[in-house]
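K.L.:
File name model.txt; file contents compact mmCIF, C-alpha atoms; full text below.
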# COMPACT_ATOMS: atom_id res chain seq x y z
CA MET A 1 67.87 -82.50 -3.67
CA ARG A 2 68.11 -79.04 -5.25
CA ILE A 3 64.38 -78.54 -4.78
CA ARG A 4 64.68 -79.42 -1.08
CA VAL A 5 67.53 -76.97 -0.62
CA LEU A 6 65.55 -74.23 -2.36
CA ILE A 7 62.48 -74.85 -0.17
CA ALA A 8 64.60 -74.75 2.99
CA ALA A 9 66.25 -71.50 1.87
CA LEU A 10 62.89 -69.85 1.19
CA ALA A 11 61.53 -70.98 4.58
CA ALA A 12 64.54 -69.57 6.39
CA ALA A 13 64.60 -66.30 4.44
CA PRO A 14 62.54 -64.24 6.94
CA PHE A 15 64.79 -65.30 9.82
CA ALA A 16 67.96 -64.70 7.84
CA ALA A 17 66.73 -61.19 7.08
CA ALA A 18 66.10 -60.68 10.79
CA GLN A 19 69.59 -61.89 11.58
CA GLU A 20 71.23 -59.52 9.12
CA GLU A 21 69.05 -56.53 9.94
CA ASP A 22 70.94 -53.26 9.85
CA LEU A 23 70.00 -51.33 12.99
CA ALA A 24 70.70 -48.06 11.20
CA ALA A 25 67.51 -48.72 9.24
CA ARG A 26 65.44 -49.69 12.29
CA ARG A 27 63.26 -46.83 13.47
CA GLY A 28 62.00 -48.23 16.73
CA GLU A 29 60.14 -50.85 18.71
CA ILE A 30 57.14 -51.17 20.99
CA GLY A 31 56.04 -53.94 23.28
CA ALA A 32 54.51 -55.29 26.46
CA ARG A 33 56.24 -56.96 29.39
CA TRP A 34 55.21 -58.96 32.47
CA TRP A 35 57.39 -58.73 35.58
CA ALA A 36 57.07 -61.25 38.42
CA SER A 37 59.11 -60.01 41.37
CA THR A 38 59.63 -59.96 45.10
CA ALA A 39 60.89 -57.11 47.27
CA GLN A 40 62.05 -55.94 50.66
CA THR A 41 61.80 -52.50 52.26
CA LYS A 42 63.51 -51.66 55.55
CA ILE A 43 63.00 -48.46 57.55
CA ASN A 44 65.18 -47.60 60.55
CA ARG A 45 64.02 -44.50 62.37
CA ARG A 46 64.50 -42.95 65.84
CA THR A 47 62.85 -40.20 67.82
CA GLN A 48 65.99 -38.38 69.01
CA GLY A 49 65.57 -34.63 68.48
CA LEU A 50 61.79 -34.61 68.82
CA ASP A 51 59.73 -33.09 71.61
CA PRO A 52 61.32 -34.24 74.94
CA ALA A 53 57.87 -35.27 76.11
CA PHE A 54 57.94 -37.97 73.41
CA ALA A 55 59.82 -41.15 74.39
CA ASP A 56 63.32 -41.55 72.90
CA HIS A 57 63.42 -44.90 71.11
CA ARG A 58 64.28 -46.60 67.82
CA SER A 59 61.87 -48.44 65.50
CA ILE A 60 62.77 -50.86 62.73
CA LEU A 61 60.14 -51.83 60.17
CA LEU A 62 60.98 -54.69 57.79
CA TYR A 63 58.57 -55.33 54.92
CA ASP A 64 59.62 -58.62 53.33
CA ASN A 65 58.57 -61.20 50.71
CA LEU A 66 56.58 -58.56 48.84
CA ASP A 67 55.54 -60.66 45.83
CA ALA A 68 54.16 -58.69 42.90
CA ASN A 69 52.98 -59.05 39.32
CA THR A 70 53.08 -56.06 36.99
CA LEU A 71 52.30 -55.36 33.37
CA GLU A 72 54.24 -52.67 31.55
CA LEU A 73 54.39 -51.03 28.14
CA PHE A 74 57.68 -49.92 26.63
CA ALA A 75 58.87 -48.18 23.49
CA ARG A 76 62.03 -46.97 21.80
CA TYR A 77 62.62 -44.62 18.88
CA ASN A 78 65.88 -44.28 16.96
CA PHE A 79 66.61 -40.95 15.31
CA ARG A 80 68.76 -40.90 12.16
CA ASN A 81 71.62 -39.13 13.93
CA ALA A 82 72.15 -42.16 16.27
CA VAL A 83 70.22 -40.52 19.13
CA PHE A 84 67.55 -42.70 20.70
CA LEU A 85 64.64 -42.13 23.06
CA LYS A 86 63.23 -44.93 25.20
CA GLY A 87 60.84 -45.35 28.07
CA MET A 88 58.44 -47.62 29.91
CA ALA A 89 55.54 -47.47 32.36
CA GLY A 90 54.20 -50.28 34.51
CA ALA A 91 51.68 -50.99 37.26
CA GLY A 92 50.43 -53.98 39.17
CA TRP A 93 49.56 -55.50 42.50
CA ILE A 94 51.43 -56.89 45.47
CA SER A 95 49.72 -60.15 46.36
CA ARG A 96 51.39 -61.01 49.67
CA GLY A 97 54.08 -60.02 52.16
CA GLU A 98 54.84 -59.58 55.84
CA LEU A 99 55.88 -56.88 58.26
CA ASP A 100 58.10 -57.22 61.32
CA LEU A 101 58.12 -54.18 63.62
CA GLU A 102 60.63 -53.89 66.46
CA ASP A 103 60.98 -51.11 69.04
CA PHE A 104 64.08 -50.41 71.16
CA ASN A 105 64.59 -47.99 74.06
CA SER A 106 67.41 -45.45 74.33
CA GLN A 107 69.68 -48.15 75.85
CA GLY A 108 69.14 -50.42 72.84
CA GLN A 109 66.92 -52.89 74.67
CA LYS A 110 64.01 -54.32 72.70
CA PHE A 111 60.67 -53.70 74.40
CA SER A 112 58.18 -54.54 71.62
CA GLY A 113 58.00 -56.74 68.55
CA THR A 114 55.10 -57.60 66.24
CA HIS A 115 54.51 -59.63 63.12
CA SER A 116 51.83 -58.72 60.56
CA SER A 117 50.63 -60.04 57.21
CA LEU A 118 50.23 -58.09 53.98
CA TRP A 119 47.27 -59.15 51.92
CA HIS A 120 47.48 -56.63 49.14
CA GLY A 121 49.45 -53.66 47.89
CA ARG A 122 50.19 -51.64 44.79
CA LEU A 123 53.24 -51.04 42.62
CA ALA A 124 53.75 -48.44 39.88
CA TYR A 125 56.85 -47.19 38.07
CA GLY A 126 58.20 -45.53 34.96
CA THR A 127 61.45 -44.52 33.29
CA GLY A 128 62.42 -42.25 30.41
CA ASP A 129 65.89 -42.00 28.81
CA LEU A 130 67.68 -40.10 26.05
CA GLY A 131 70.85 -41.64 24.67
CA TYR A 132 73.36 -42.10 21.85
CA GLN A 133 74.28 -45.41 20.22
CA TRP A 134 77.14 -46.86 18.19
CA LEU A 135 76.50 -49.68 15.70
CA LEU A 136 78.78 -52.72 15.91
CA ARG A 137 79.47 -55.80 13.80
CA GLY A 138 78.19 -54.43 10.55
CA GLY A 139 75.07 -52.91 12.06
CA GLY A 140 73.65 -56.02 13.70
CA SER A 141 74.63 -55.07 17.27
CA TRP A 142 74.85 -51.79 19.16
CA LEU A 143 76.15 -50.11 22.29
CA GLY A 144 74.84 -46.87 23.80
CA LEU A 145 75.00 -44.43 26.68
CA PHE A 146 71.94 -42.72 28.15
CA ALA A 147 70.65 -40.37 30.83
CA GLY A 148 67.13 -40.19 32.16
CA TYR A 149 64.64 -40.21 35.01
CA ALA A 150 62.94 -42.92 37.11
CA ASP A 151 59.80 -42.86 39.26
CA TRP A 152 59.00 -45.84 41.52
CA THR A 153 56.12 -46.14 44.02
CA GLU A 154 55.22 -49.01 46.37
CA GLN A 155 52.24 -49.10 48.74
CA TYR A 156 51.56 -51.71 51.45
CA GLU A 157 48.81 -52.49 53.94
CA ALA A 158 49.66 -54.68 56.96
CA TYR A 159 46.90 -56.44 58.89
CA GLY A 160 46.90 -57.93 62.36
CA ALA A 161 49.74 -57.93 64.89
CA SER A 162 51.00 -60.80 66.99
CA ALA A 163 53.64 -61.16 69.74
CA GLY A 164 53.05 -58.11 71.86
CA SER A 165 51.75 -55.04 70.07
CA ALA A 166 51.73 -51.89 72.18
CA ALA A 167 47.96 -51.89 71.62
CA GLY A 168 47.65 -55.58 72.51
CA GLU A 169 46.96 -58.37 70.05
CA VAL A 170 45.42 -57.09 66.82
CA THR A 171 43.05 -59.40 64.97
CA ARG A 172 44.08 -60.69 61.56
CA ASP A 173 41.45 -58.70 59.65
CA ALA A 174 42.20 -55.35 61.33
CA ALA A 175 44.37 -52.77 59.53
CA PHE A 176 47.55 -52.21 61.55
CA ILE A 177 50.03 -50.13 59.51
CA GLY A 178 49.91 -48.68 56.02
CA ASN A 179 52.98 -47.54 54.12
CA LYS A 180 53.48 -45.61 50.88
CA LEU A 181 56.92 -44.73 49.53
CA ARG A 182 57.93 -43.01 46.33
CA TRP A 183 61.42 -42.92 44.84
CA ARG A 184 62.42 -40.37 42.20
CA ALA A 185 65.87 -40.59 40.64
CA LEU A 186 68.23 -39.54 37.88
CA ARG A 187 69.49 -42.37 35.66
CA LEU A 188 72.91 -42.69 34.02
CA GLY A 189 73.71 -45.89 32.22
CA VAL A 190 74.85 -48.07 29.39
CA ALA A 191 72.66 -50.22 27.15
CA GLY A 192 73.38 -52.56 24.31
CA GLU A 193 72.36 -55.49 22.20
CA LEU A 194 74.42 -58.36 20.77
CA ALA A 195 73.02 -60.18 17.74
CA LEU A 196 73.51 -63.96 17.79
CA GLY A 197 71.58 -65.10 14.75
CA ARG A 198 67.91 -65.37 15.67
CA LEU A 199 68.88 -64.64 19.27
CA ARG A 200 69.67 -61.23 20.72
CA LEU A 201 71.22 -60.61 24.12
CA SER A 202 70.30 -57.16 25.45
CA ALA A 203 71.14 -55.31 28.65
CA ASP A 204 70.15 -52.04 30.28
CA LEU A 205 72.37 -51.09 33.24
CA ALA A 206 71.58 -47.81 35.02
CA MET A 207 73.03 -46.21 38.11
CA LEU A 208 70.90 -43.79 40.12
CA PRO A 209 73.50 -41.24 41.27
CA TYR A 210 70.89 -39.06 42.92
CA ALA A 211 67.57 -40.30 44.32
CA THR A 212 64.98 -38.84 46.64
CA VAL A 213 62.33 -40.63 48.64
CA ARG A 214 59.17 -39.63 50.47
CA ASN A 215 57.64 -42.22 52.75
CA GLU A 216 54.30 -42.00 54.53
CA ASP A 217 53.38 -44.28 57.42
CA SER A 218 49.84 -44.72 58.68
CA HIS A 219 49.76 -46.18 62.20
CA TYR A 220 46.02 -46.79 62.42
CA LEU A 221 46.00 -47.70 66.12
CA ARG A 222 48.15 -44.79 67.36
CA SER A 223 45.67 -42.00 68.04
CA ASP A 224 48.44 -40.08 69.86
CA LEU A 225 50.20 -39.60 66.52
CA GLY A 226 47.27 -37.83 64.89
CA PRO A 227 45.29 -38.56 61.72
CA VAL A 228 46.85 -40.86 59.11
CA PRO A 229 49.31 -40.66 57.51
CA ASN A 230 51.03 -39.70 60.74
CA ILE A 231 54.76 -40.39 60.20
CA PHE A 232 56.76 -38.93 57.30
CA ASP A 233 60.26 -39.86 56.12
CA LYS A 234 62.19 -38.04 53.45
CA GLY A 235 65.74 -38.42 52.26
CA GLU A 236 68.35 -38.42 49.52
CA GLY A 237 70.40 -41.34 48.31
CA TRP A 238 71.40 -43.51 45.37
CA GLY A 239 70.52 -46.77 43.66
CA ALA A 240 70.72 -49.00 40.60
CA GLN A 241 68.34 -50.47 38.01
CA LEU A 242 69.80 -53.47 36.16
CA GLU A 243 68.19 -55.62 33.50
CA ALA A 244 69.18 -58.25 30.92
CA GLN A 245 67.11 -60.31 28.52
CA LEU A 246 67.50 -62.95 25.83
CA ARG A 247 65.36 -62.19 22.80
CA TYR A 248 64.30 -64.67 20.12
CA ALA A 249 62.98 -63.66 16.70
CA VAL A 250 59.70 -65.55 16.40
CA ALA A 251 59.01 -63.61 13.18
CA ARG A 252 60.94 -61.15 11.04
CA SER A 253 59.92 -58.13 13.16
CA THR A 254 58.69 -59.77 16.36
CA ASP A 255 60.76 -60.89 19.35
CA PHE A 256 59.87 -62.96 22.39
CA ALA A 257 62.15 -62.42 25.40
CA LEU A 258 62.91 -63.81 28.84
CA GLY A 259 64.95 -61.74 31.27
CA ALA A 260 65.94 -60.80 34.80
CA ARG A 261 65.69 -57.45 36.59
CA TYR A 262 67.07 -56.02 39.84
CA TRP A 263 66.27 -52.60 41.35
CA TYR A 264 67.74 -51.06 44.48
CA ALA A 265 67.47 -47.63 46.15
CA GLU A 266 68.90 -46.48 49.47
CA VAL A 267 68.86 -43.32 51.59
CA ARG A 268 72.20 -41.74 52.51
CA LYS A 269 70.70 -39.00 54.67
CA GLY A 270 67.17 -38.23 55.73
CA THR A 271 64.76 -37.02 58.40
CA THR A 272 61.55 -38.17 60.09
CA THR A 273 58.66 -36.00 61.25
CA PHE A 274 55.46 -36.88 63.10
CA GLN A 275 51.99 -35.46 62.61
CA ASN A 276 51.38 -34.58 66.28
CA VAL A 277 54.94 -34.32 67.61
CA ARG A 278 57.15 -31.26 67.35
CA GLY A 279 60.66 -31.45 65.93
CA GLU A 280 62.57 -33.46 63.35
CA ALA A 281 64.50 -36.69 63.93
CA PRO A 282 67.29 -38.21 61.83
CA LEU A 283 66.38 -41.13 59.58
CA ASP A 284 68.97 -43.83 60.28
CA GLY A 285 68.23 -45.90 57.19
CA LEU A 286 65.75 -46.75 54.46
CA TYR A 287 66.14 -48.98 51.42
CA THR A 288 64.00 -50.81 48.89
CA LYS A 289 65.10 -53.67 46.66
CA ARG A 290 63.02 -55.59 44.13
CA ALA A 291 64.12 -58.42 41.83
CA GLY A 292 62.45 -60.89 39.52
CA VAL A 293 62.02 -62.34 36.05
CA THR A 294 60.47 -60.76 32.98
CA MET A 295 58.71 -62.00 29.86
CA SER A 296 58.02 -59.70 26.93
CA LEU A 297 56.83 -59.47 23.35
CA THR A 298 58.35 -56.79 21.10
CA ARG A 299 57.40 -55.50 17.67
CA ARG A 300 60.21 -53.85 15.67
CA TRP A 301 59.85 -51.57 12.66
Can I see the file as structure tokens?

P.N.:
Amino acid sequence: MRIRVLIAALAAAPFAAAQEEDLAARRGEIGARWWASTAQTKINRRTQGLDPAFADHRSILLYDNLDANTLELFARYNFRNAVFLKGMAGAGWISRGELDLEDFNSQGQKFSGTHSSLWHGRLAYGTGDLGYQWLLRGGGSWLGLFAGYADWTEQYEAYGASAGSAAGEVTRDAAFIGNKLRWRALRLGVAGELALGRLRLSADLAMLPYATVRNEDSHYLRSDLGPVPNIFDKGEGWGAQLEAQLRYAVARSTDFALGARYWYAEVRKGTTTFQNVRGEAPLDGLYTKRAGVTMSLTRRW
């Protein structure tokens, strides 16, 4: 019986060491993460304030069900004075989606509506943060505050148009509208990790108190708007980037994790300009939200 107990203790020793790890002695971590997500982007623009020769109307573009897969690399370094530096960078592809475009006249009456399919798109993003942490529960858990920067770009290509395009029906394989938007934002947040034996529950919750966006639309069938991209939106707003994951120590210095992530950014005020139309119109609304699940592998040292 004593021999069995000794063997079990030796087998569990690496995991026990991982459980009792003092974070003050941990210098950092590096890893890779896969993010499967879906998104929605909505743009609400009008032509009020532009050249009077240009019709006064409102357009609403809704990009929806934007399914994507991305691969990202991330790292964190802990300085001995409790300051930490962390960041990540990711890129991937948008495999499917759809676009609904509606046009309304100055009296609010709908005069056009189309539906298009998205066959492919691109997604790229990155964050970088500097923070300060406090060790809890004897050094096995921690809580920290951080400030940083986020960059988030999404690009879509919509093909075909059904149900009454201004240019008539557009075949399924013809490019209809392209869209590229880029968010840049300041990050302020709280992060932490709670040790639960071989399990660790971690969270990274960031508000984006100030965000800017630049959006470029390419209406391929509107020669009156000029060469593509021919519509430009820009604005200022806010957002949030929230993430939580459950990590499991598969080895003394290696964690496997499953998590969830939600990102949101919205314009508070903005403007729209056209390539071949004089003047500047107010941007009534623009937001992007993306959510999904994550899976990662982390190496600690």

K.L.:
Report, in Å with one decimal, the straight-line distance from CA of Arg46 in chain A to CA of Phe274 in chain A.

P.N.:
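CA of Phe274 in chain A lies 11.2 Å from CA of Arg46 in chain A.
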
K.L.:
Write out as a ChimeraX atom specification each polymer residue whose atoms come within 9 Å of range 54-68 of chain A, counting only C-alpha atoms; drop sequence neighbours fewer than 2 positions from it.

P.N.:
/A:35-52,70,92-108,118,121-123,156,277,290

K.L.:
One number please: CA of Lys289 in chain A to CA of Tyr262 in chain A, in Å, one decimal.

P.N.:
7.5 Å

K.L.:
Mind pulling up the distance from CA of Arg278 in chain A to CA of Ile177 in chain A?

P.N.:
21.6 Å

K.L.:
Taking only C-alpha atoms into account, name the residue in A:Thr294, A:Ser112, A:Asn81, A:Asn69 that is nearest to Arg247 in chain A.

P.N.:
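Going through A:Thr294, A:Ser112, A:Asn81, A:Asn69 one by one, the smallest distance to Arg247 in chain A is for A:Thr294.
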
K.L.:
Smallest atom-to-atom distance to Thr271 in chain A: which of A:Ala89, A:Leu258, A:Leu286, A:Ala244, using only C-alpha atoms?

P.N.:
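Selected residue with least distance to Thr271 in chain A: A:Leu286.
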
K.L.:
List as a list in words the protein and nucleic acid residues near Lys180 in chain A, meaning an atom at most 7 Å away when all atoms listed in the file are counted, but skip any in the same chain fewer than 3 places from it.

P.N.:
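Near neighbours after the sequence-gap exclusion: Glu154, Gln155, Tyr156, Asn215, Glu216 and Asp217 of chain A.
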
K.L.:
Once you have the residues from the selection above, write them out as a PDB file, keeping the file's coordinate frame, restricted to C-alpha atoms.

P.N.:
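Wrote it out as out-v8.pdb, contents follow:
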ATOM      1  CA  GLU A 154      55.220 -49.010  46.370  1.00  0.00           C
ATOM      2  CA  GLN A 155      52.240 -49.100  48.740  1.00  0.00           C
ATOM      3  CA  TYR A 156      51.560 -51.710  51.450  1.00  0.00           C
ATOM      4  CA  ASN A 215      57.640 -42.220  52.750  1.00  0.00           C
ATOM      5  CA  GLU A 216      54.300 -42.000  54.530  1.00  0.00           C
ATOM      6  CA  ASP A 217      53.380 -44.280  57.420  1.00  0.00           C
TER       7      ASP A 217
END

K.L.:
Dump as CSV the rows for residues of range 223-265 of chain A within 8 Å of range 189-211 of chain A: closest atom pair and distance in Å with one decimal, all atoms listed in the file counted, ordered by chain and rising residue number.

P.N.:
residue,atom,partner,partner_atom,distance
A:Glu236,CA,A:Ala211,CA,5.6
A:Gly237,CA,A:Ala211,CA,5.0
A:Trp238,CA,A:Tyr210,CA,5.1
A:Gly239,CA,A:Leu208,CA,4.6
A:Ala240,CA,A:Met207,CA,4.4
A:Gln241,CA,A:Ala206,CA,5.1
A:Leu242,CA,A:Leu205,CA,4.6
A:Glu243,CA,A:Asp204,CA,5.2
A:Ala244,CA,A:Ala203,CA,4.2
A:Gln245,CA,A:Ser202,CA,5.4
A:Leu246,CA,A:Leu201,CA,4.7
A:Arg247,CA,A:Arg200,CA,4.9
A:Tyr248,CA,A:Leu199,CA,4.7
A:Ala249,CA,A:Arg198,CA,5.3
A:Ala265,CA,A:Ala211,CA,7.6

K.L.:
Excluding Gly128 in chain A and residues on its chain fewer than 4 positions from it, collect all residues at most 7 Å away from it, counting all atoms listed in the file, and give them as a PyMOL selection string.

P.N.:
chain A and resi 86-88+148-150

K.L.:
Name the closest residue to Tyr287 in chain A among the candidates A:Trp142, A:Trp263, A:Trp301, A:Phe84; distances are taken between atoms, counting only C-alpha atoms.

P.N.:
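Going through A:Trp142, A:Trp263, A:Trp301, A:Phe84 one by one, the smallest distance to Tyr287 in chain A is for A:Trp263.
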
K.L.:
My list of candidates is A:Tyr132, A:Tyr125, A:Thr272, A:Ser117. Which is closest to Ser162 in chain A when distances are computed with only C-alpha atoms?

P.N.:
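Ranking A:Tyr132, A:Tyr125, A:Thr272, A:Ser117 by distance to Ser162 in chain A, first place goes to A:Ser117.
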
K.L.:
Got a sec: who's within 12 Å of Asp173 in chain A, counting only C-alpha atoms, leaving out chain neighbours fewer than 4 positions off, as an mmCIF file with C-alpha atoms, in the frame of the given file?

P.N.:
data_model
loop_
_atom_site.group_PDB
_atom_site.id
_atom_site.type_symbol
_atom_site.label_atom_id
_atom_site.label_comp_id
_atom_site.auth_asym_id
_atom_site.auth_seq_id
_atom_site.Cartn_x
_atom_site.Cartn_y
_atom_site.Cartn_z
ATOM 1 C CA SER A 116 51.830 -58.720 60.560
ATOM 2 C CA SER A 117 50.630 -60.040 57.210
ATOM 3 C CA LEU A 118 50.230 -58.090 53.980
ATOM 4 C CA TRP A 119 47.270 -59.150 51.920
ATOM 5 C CA GLU A 157 48.810 -52.490 53.940
ATOM 6 C CA ALA A 158 49.660 -54.680 56.960
ATOM 7 C CA TYR A 159 46.900 -56.440 58.890
ATOM 8 C CA GLY A 160 46.900 -57.930 62.360
ATOM 9 C CA ALA A 161 49.740 -57.930 64.890
ATOM 10 C CA GLU A 169 46.960 -58.370 70.050
#

K.L.:
Find the residues around Leu225 in chain A up to 6 Å (all atoms listed in the file counted), leave out those fewer than 3 positions away in its own chain, and share them as a list of chain:residue names.

P.N.:
A:Arg222, A:Asn230, A:Gln275, A:Asn276

K.L.:
Would you please work out which residue, of A:Asn78, A:Ser218, A:Ser141, A:Thr114, is nearest to Val170 in chain A when using all atoms listed in the file?

P.N.:
A:Thr114
